[in-house]
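Source file: start04.cif. Holds: mmCIF, C-alpha atoms and all ligand atoms.
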data_query
loop_
_atom_site.label_atom_id
_atom_site.label_comp_id
_atom_site.auth_asym_id
_atom_site.auth_seq_id
_atom_site.Cartn_x
_atom_site.Cartn_y
_atom_site.Cartn_z
CA MET O 278 -11.82 -19.42 -7.77
CA GLN O 279 -10.73 -17.22 -4.85
CA LYS O 280 -10.97 -18.93 -1.47
CA GLY O 281 -8.57 -16.98 0.77
CA LYS O 282 -8.85 -13.31 1.73
CA PHE O 283 -6.73 -10.54 0.27
CA ILE O 284 -5.89 -7.75 2.74
CA THR O 285 -3.73 -4.71 1.98
CA ILE O 286 -2.17 -2.13 4.27
CA ASP O 287 -1.22 1.34 3.07
CA GLY O 288 -0.47 4.89 4.16
CA VAL O 289 2.05 7.71 3.96
CA GLU O 290 5.69 7.15 4.88
CA GLY O 291 6.23 6.63 8.61
CA ALA O 292 2.64 5.58 9.34
CA GLY O 293 3.88 2.57 11.33
CA LYS O 294 3.04 -0.17 8.79
CA SER O 295 5.83 -2.54 9.84
CA THR O 296 4.78 -2.60 13.52
CA GLN O 297 1.15 -3.16 12.60
CA ILE O 298 1.96 -5.84 10.01
CA ASP O 299 3.65 -7.91 12.75
CA PHE O 300 0.59 -7.41 14.92
CA ILE O 301 -1.87 -8.42 12.14
CA CYS O 302 0.07 -11.60 11.30
CA GLN O 303 0.14 -12.59 14.99
CA TYR O 304 -3.53 -11.70 15.55
CA LEU O 305 -4.65 -13.78 12.58
CA ALA O 306 -2.30 -16.67 13.48
CA ASP O 307 -3.91 -16.76 16.94
CA LYS O 308 -7.25 -17.18 15.16
CA GLY O 309 -5.81 -20.08 13.17
CA VAL O 310 -5.33 -18.13 9.92
CA ASN O 311 -1.94 -18.32 8.26
CA VAL O 312 -1.11 -15.23 6.27
CA VAL O 313 1.27 -14.93 3.33
CA LEU O 314 3.04 -11.59 3.77
CA THR O 315 4.12 -9.76 0.65
CA ARG O 316 4.81 -6.21 -0.50
CA GLU O 317 4.66 -3.69 -3.35
CA PRO O 318 6.52 -2.75 -5.31
CA GLY O 319 8.04 -6.22 -5.05
CA GLY O 320 6.82 -9.56 -3.77
CA THR O 321 8.28 -11.58 -6.67
CA ALA O 322 11.81 -11.96 -8.07
CA ILE O 323 10.98 -9.65 -11.00
CA GLY O 324 9.00 -7.29 -8.77
CA GLU O 325 11.93 -6.91 -6.37
CA LYS O 326 14.21 -5.99 -9.29
CA ILE O 327 11.69 -3.37 -10.37
CA ARG O 328 11.52 -2.14 -6.74
CA THR O 329 15.28 -1.60 -6.69
CA LEU O 330 15.03 0.39 -9.92
CA LEU O 331 12.15 2.48 -8.54
CA LEU O 332 13.55 3.22 -5.09
CA SER O 333 17.31 3.34 -5.57
CA ASN O 334 18.83 6.82 -5.38
CA SER O 335 21.24 5.84 -8.15
CA THR O 336 18.24 5.66 -10.55
CA GLY O 337 17.99 9.44 -10.53
CA GLU O 338 15.22 11.32 -12.37
CA MET O 339 12.37 9.26 -13.80
CA HIS O 340 9.36 10.45 -15.80
CA ALA O 341 6.20 10.12 -13.65
CA ASP O 342 4.46 7.97 -16.32
CA THR O 343 7.45 5.60 -16.34
CA GLU O 344 7.22 5.36 -12.55
CA LEU O 345 3.51 4.58 -12.75
CA MET O 346 3.94 1.90 -15.41
CA LEU O 347 6.79 0.25 -13.50
CA MET O 348 4.57 0.11 -10.40
CA PHE O 349 1.90 -1.62 -12.49
CA ALA O 350 4.41 -3.91 -14.23
CA ALA O 351 5.60 -5.12 -10.82
CA ARG O 352 1.95 -5.40 -9.73
CA ASN O 353 0.99 -7.52 -12.73
CA GLU O 354 3.77 -10.00 -11.95
CA HIS O 355 2.74 -9.97 -8.29
CA ILE O 356 -0.93 -10.66 -8.98
CA GLN O 357 -0.42 -13.28 -11.70
CA SER O 358 2.43 -15.28 -10.23
CA LYS O 359 1.84 -14.92 -6.49
CA ILE O 360 -1.43 -13.44 -5.23
CA ILE O 361 -4.01 -15.22 -7.40
CA PRO O 362 -2.36 -18.69 -7.07
CA ALA O 363 -2.03 -18.27 -3.28
CA LEU O 364 -5.68 -17.19 -2.90
CA ALA O 365 -6.79 -20.11 -5.05
CA GLN O 366 -5.05 -22.47 -2.62
CA GLY O 367 -7.05 -20.97 0.22
CA ASN O 368 -4.27 -18.81 1.69
CA TRP O 369 -4.82 -15.37 3.10
CA ILE O 370 -2.53 -12.65 1.73
CA LEU O 371 -1.40 -9.45 3.43
CA SER O 372 0.24 -7.01 1.04
CA ASP O 373 2.31 -4.12 2.36
CA ARG O 374 0.93 -1.55 -0.14
CA PHE O 375 -1.11 -2.12 -3.32
CA THR O 376 -2.94 -0.16 -6.05
CA ASP O 377 -4.19 2.58 -3.69
CA ALA O 378 -0.52 3.63 -3.36
CA SER O 379 -0.42 4.36 -7.11
CA TYR O 380 -3.45 6.66 -6.77
CA ALA O 381 -1.88 8.35 -3.74
CA TYR O 382 1.77 8.68 -4.84
CA GLN O 383 1.59 8.89 -8.63
CA GLY O 384 -1.88 10.49 -8.68
CA GLY O 385 -1.73 12.75 -5.60
CA GLY O 386 2.03 13.14 -5.18
CA ARG O 387 3.12 13.35 -8.83
CA GLY O 388 -0.13 14.88 -10.04
CA LEU O 389 -0.88 12.28 -12.72
CA ASP O 390 -4.41 12.19 -14.13
CA VAL O 391 -6.45 9.80 -11.98
CA ALA O 392 -8.51 8.71 -15.02
CA ARG O 393 -5.33 7.39 -16.67
CA ILE O 394 -4.39 5.47 -13.50
CA ALA O 395 -7.89 4.00 -13.51
CA GLN O 396 -7.40 2.89 -17.13
CA LEU O 397 -4.19 1.08 -16.17
CA GLU O 398 -5.87 -0.46 -13.15
CA ASP O 399 -8.69 -1.69 -15.36
CA TRP O 400 -6.20 -3.14 -17.86
CA VAL O 401 -3.98 -4.91 -15.32
CA LEU O 402 -6.41 -5.87 -12.56
CA ARG O 403 -9.77 -6.04 -14.36
CA ALA O 404 -12.20 -6.53 -11.45
CA PHE O 405 -9.59 -7.89 -9.03
CA THR O 406 -9.52 -5.89 -5.80
CA PRO O 407 -8.57 -6.44 -2.13
CA ASP O 408 -11.22 -7.73 0.28
CA MET O 409 -10.09 -5.17 2.84
CA THR O 410 -7.61 -2.29 2.95
CA LEU O 411 -6.26 -0.88 6.20
CA LEU O 412 -5.24 2.73 5.64
CA LEU O 413 -2.96 4.00 8.41
CA ASP O 414 -3.34 7.76 8.61
CA VAL O 415 -0.73 10.03 10.21
CA SER O 416 0.01 13.70 9.73
CA VAL O 417 2.91 14.36 7.37
CA ASP O 418 4.81 15.94 10.27
CA ILE O 419 4.66 12.75 12.35
CA GLY O 420 5.38 10.52 9.34
CA MET O 421 8.38 12.52 8.14
CA LYS O 422 9.90 12.62 11.65
CA ARG O 423 9.75 8.81 11.78
CA VAL O 424 11.36 8.54 8.33
CA GLU O 425 14.12 10.99 9.30
CA SER O 426 14.90 8.94 12.42
CA ARG O 427 15.45 5.81 10.27
CA GLY O 428 18.38 7.39 8.46
CA LYS O 429 18.99 7.25 4.74
CA LYS O 430 16.01 8.08 2.50
CA ASP O 431 15.18 6.23 -0.73
CA ARG O 432 14.37 7.95 -4.06
CA ILE O 433 10.69 8.58 -3.22
CA GLU O 434 11.29 9.44 0.45
CA GLN O 435 13.46 12.35 -0.77
CA GLU O 436 10.29 14.22 -1.84
CA ASP O 437 9.20 17.29 0.11
CA PHE O 438 6.45 18.00 2.63
CA ASP O 439 3.96 19.22 -0.01
CA PHE O 440 4.38 15.99 -2.00
CA PHE O 441 3.52 13.87 1.06
CA ASN O 442 0.66 16.15 1.97
CA ARG O 443 -0.85 15.51 -1.49
CA VAL O 444 -0.21 11.77 -1.01
CA ARG O 445 -2.05 11.82 2.31
CA GLU O 446 -4.99 13.80 0.88
CA ALA O 447 -5.27 11.39 -2.06
CA TYR O 448 -5.38 8.40 0.32
CA ILE O 449 -8.14 10.07 2.36
CA THR O 450 -10.11 10.88 -0.80
CA ARG O 451 -9.85 7.24 -1.90
CA SER O 452 -11.07 6.00 1.47
CA LYS O 453 -14.16 8.20 1.03
CA GLN O 454 -14.71 6.85 -2.50
CA HIS O 455 -14.44 3.21 -1.32
CA PRO O 456 -15.76 3.27 2.25
CA GLU O 457 -16.72 -0.43 2.23
CA ARG O 458 -13.21 -1.60 1.39
CA ILE O 459 -10.80 1.09 2.64
CA LYS O 460 -10.84 1.50 6.43
CA LEU O 461 -9.23 4.72 7.59
CA ILE O 462 -7.29 4.17 10.82
CA ASN O 463 -6.03 6.93 13.08
CA ALA O 464 -2.36 5.98 13.58
CA MET O 465 -1.38 9.21 15.34
CA GLN O 466 -2.04 8.06 18.92
CA THR O 467 -0.54 5.05 20.70
CA ILE O 468 0.38 1.76 19.01
CA ALA O 469 -2.20 0.05 21.25
CA TYR O 470 -4.96 2.39 20.02
CA THR O 471 -4.06 1.67 16.38
CA GLN O 472 -4.13 -2.07 17.14
CA GLN O 473 -7.52 -1.75 18.78
CA GLN O 474 -8.97 -0.21 15.59
CA ILE O 475 -7.33 -2.89 13.43
CA LYS O 476 -8.74 -5.72 15.57
CA VAL O 477 -12.30 -4.42 15.11
CA ILE O 478 -11.82 -4.38 11.34
CA LEU O 479 -10.17 -7.81 11.12
CA ASP O 480 -13.01 -9.30 13.15
CA LEU O 481 -15.36 -8.26 10.32
CA LEU O 482 -13.58 -10.54 7.84
P1 LIG O 501 7.66 1.08 1.42
O1 LIG O 501 6.69 0.02 1.05
O2 LIG O 501 8.88 0.57 2.06
O3 LIG O 501 7.01 2.19 2.17
O4 LIG O 501 8.25 1.74 0.06
C1 LIG O 501 7.56 1.73 -1.12
C2 LIG O 501 7.61 3.11 -1.73
O5 LIG O 501 7.03 3.04 -3.04
C3 LIG O 501 6.84 4.16 -0.96
O6 LIG O 501 7.52 5.40 -1.05
C4 LIG O 501 5.55 4.27 -1.73
C5 LIG O 501 5.96 3.98 -3.15
N1 LIG O 501 4.91 3.43 -4.02
C6 LIG O 501 4.40 4.21 -5.03
O7 LIG O 501 4.84 5.36 -5.22
N2 LIG O 501 3.41 3.70 -5.82
C7 LIG O 501 2.94 2.42 -5.69
O8 LIG O 501 2.04 2.00 -6.43
C8 LIG O 501 3.48 1.62 -4.62
C9 LIG O 501 2.98 0.22 -4.43
C10 LIG O 501 4.46 2.16 -3.81
#

Could you render the structure from this file as structure tokens?
Ligand code: TMP
Amino acid sequence: MQKGKFITIDGVEGAGKSTQIDFICQYLADKGVNVVLTREPGGTAIGEKIRTLLLSNSTGEMHADTELMLMFAARNEHIQSKIIPALAQGNWILSDRFTDASYAYQGGGRGLDVARIAQLEDWVLRAFTPDMTLLLDVSVDIGMKRVESRGKKDRIEQEDFDFFNRVREAYITRSKQHPERIKLINAMQTIAYTQQQIKVILDLL
């Protein structure tokens, strides 16, 4: 039986996830909650190998369905061998990205049929879903500038402006479809303003 809380954080590239993840871990630690930090694709030994395959530039072209199924293969390993056991022990989990990213990137970005993604989600996750999702929203302009300033881009970061615009729109659509779970956060102002919004949401948990 699940005892801990499962929180996910998502958003387009360059939304400032890393900065806010540090803040969330510290904020919850100050409240006496220890959080297990993990990420997707990845989070397990097998998942990290799949991540390398998915994001490495040396992988080259990949069919969009293959990409989707690899995301879910990594996710299955993540859920079964890490997330569910940790929750059962009463730990809280914070995952840097989760299933919403598949709807945004493979659904919105790659244009895959959302109904097929939902079938995979149903097959792999059944009714398992995060308790809360923090969706950091930035314009594609702002996000891409931050990615450019980091240097070398991975296989997915190489995509163009229109791709990331579709990703962003798909995230926003999902937040409207799941307003109770997915909290849309304006991450286009100061870091302090983003943190203020996150605090209000975490205090609800
Ligand atoms: P990041 O977590 O360092 O941002 O990199 C993960 C990349 O993988 C990012 O470009 C988003 C992408 N991704 C998908 O396309 N689909 C997914 O389901 C997940 C979890 C990530």

Item checked: Distance criterion (all atoms listed in the file): nearest to Arg374 (chain O) out of O:Ile462, O:Val424, O:Leu413, O:Ile475 ->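 Looking only at the distances to Arg374 (chain O), the closest residue turns out to be O:Leu413.
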
Next item on the list: Record the distance separating CA of Val313 (chain O) and CA of Ser358 (chain O), expressed in Å with one decimal.
Entry: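 Rounded to one decimal, the two atoms are 13.6 Å apart.
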
Can you build me a table of chain O residues sitting at most 8 Å from ligand LIG 501 (chain O), with the closest atom pair per residue and its distance in Å to one decimal, using all atoms listed in the file, sorted by chain and residue number, as a tab-separated table?
residue	atom	partner	partner_atom	distance
O:Val289	CA	O:LIG501	C4	7.5
O:Glu290	CA	O:LIG501	O3	5.8
O:Gly291	CA	O:LIG501	O3	7.9
O:Arg316	CA	O:LIG501	O1	6.7
O:Glu317	CA	O:LIG501	C9	4.4
O:Pro318	CA	O:LIG501	C9	4.7
O:Arg328	CA	O:LIG501	O5	7.8
O:Leu331	CA	O:LIG501	O5	7.5
O:Leu332	CA	O:LIG501	C2	6.8
O:Glu344	CA	O:LIG501	O7	7.7
O:Leu345	CA	O:LIG501	O8	7.0
O:Met348	CA	O:LIG501	O8	5.1
O:Phe349	CA	O:LIG501	O8	7.1
O:Arg352	CA	O:LIG501	C9	7.8
O:Asp373	CA	O:LIG501	O1	6.2
O:Arg374	CA	O:LIG501	C9	5.1
O:Phe375	CA	O:LIG501	C9	4.8
O:Thr376	CA	O:LIG501	O8	5.4
O:Asp377	CA	O:LIG501	O8	6.8
O:Ala378	CA	O:LIG501	O8	4.3
O:Ser379	CA	O:LIG501	O8	3.5
O:Tyr380	CA	O:LIG501	O8	7.2
O:Ala381	CA	O:LIG501	N2	7.3
O:Tyr382	CA	O:LIG501	O7	4.5
O:Gln383	CA	O:LIG501	O7	5.9
O:Asp431	CA	O:LIG501	O6	7.7
O:Arg432	CA	O:LIG501	O6	7.9
O:Ile433	CA	O:LIG501	O6	5.0
O:Glu434	CA	O:LIG501	O6	5.7

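Using all atoms listed in the file, the shortest contact distance between Leu397 (chain O) and any of O:Glu457, O:Glu436, O:Glu354, O:Asp342 is found at O:Asp342.
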
Notebook entry, point to check: How many Å separate CA of Phe438 (chain O) from CA of Thr285 (chain O)?
Noted result: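 The value is 24.9 Å.
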
Next item on the list: May I have the residues within 8 Å of Thr410 (chain O) as a list in words, using all atoms listed in the file and disregarding those fewer than 5 positions away in the same chain?
Entry: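 Residues meeting the cut-off are Ile284, Thr285, Ile286, Asp287, Arg458, Ile459 and Lys460 of chain O.
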
Check: In Å, with one decimal, what is the gap from CA of Asn368 (chain O) to CA of Phe300 (chain O)?
Finding: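 A separation of 18.1 Å between them.
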
Margin query: Nearest residue to Ala350 (chain O) out of O:Phe283, O:Trp400, O:Tyr448, O:Trp369, using only C-alpha atoms?
Written below: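 Between O:Phe283, O:Trp400, O:Tyr448, O:Trp369, the residue approaching Ala350 (chain O) most closely is O:Trp400.
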
Could you work out an axis-aligned box for region 430-441 of chain O, taking every atom the file lists and adding 5 Å on each side, and report centre and edge lengths in Å to one decimal, as lines of an AutoDock Vina configuration file?
center_x = 9.8
center_y = 12.7
center_z = -0.7
size_x = 22.5
size_y = 23.0
size_z = 16.7

Item checked: Distance query 12 Å from (5.5, 2.5, 10.6) using all atoms listed in the file, result as a ChimeraX atom specification -> /O:286-300,373,412-415,419-424,426-427,464-465,468,471

Next item on the list: Find the residues around Gln366 (chain O) up to 10 Å (only C-alpha atoms counted), leave out those fewer than 2 positions away in its own chain, and share them as a list in words.
Entry: Met278, Gln279, Lys280, Gly281, Ile361, Pro362, Ala363, Leu364, Asn368 and Trp369 of chain O

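In terms of minimum interatomic distance to Ile478 (chain O), O:Met409 ranks closest within O:Met409, O:Ala306, O:Ala341, O:Val391, counting all atoms listed in the file.
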
Note to self: Need to verify the contact set: Lys476 (chain O), 12 Å, all atoms listed in the file, exclusion of same-chain residues closer than 2 positions in sequence. Can you return it as a ChimeraX atom specification?
What the structure shows: /O:297,300-305,308,411,460,462,469-474,478-482

Check: Which residue, O:Gln466, O:Glu398, O:Glu425, O:Gly386, has the smallest gap to Asn442 (chain O) when you use only C-alpha atoms?
Finding: O:Gly386

Notebook entry, point to check: Between O:Val401, O:Val312, O:Ile394, O:Met339, which one has atoms that come closest to Ile356 (chain O), using all atoms listed in the file?
Noted result: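 So, comparing all the options, the nearest one is O:Val401.
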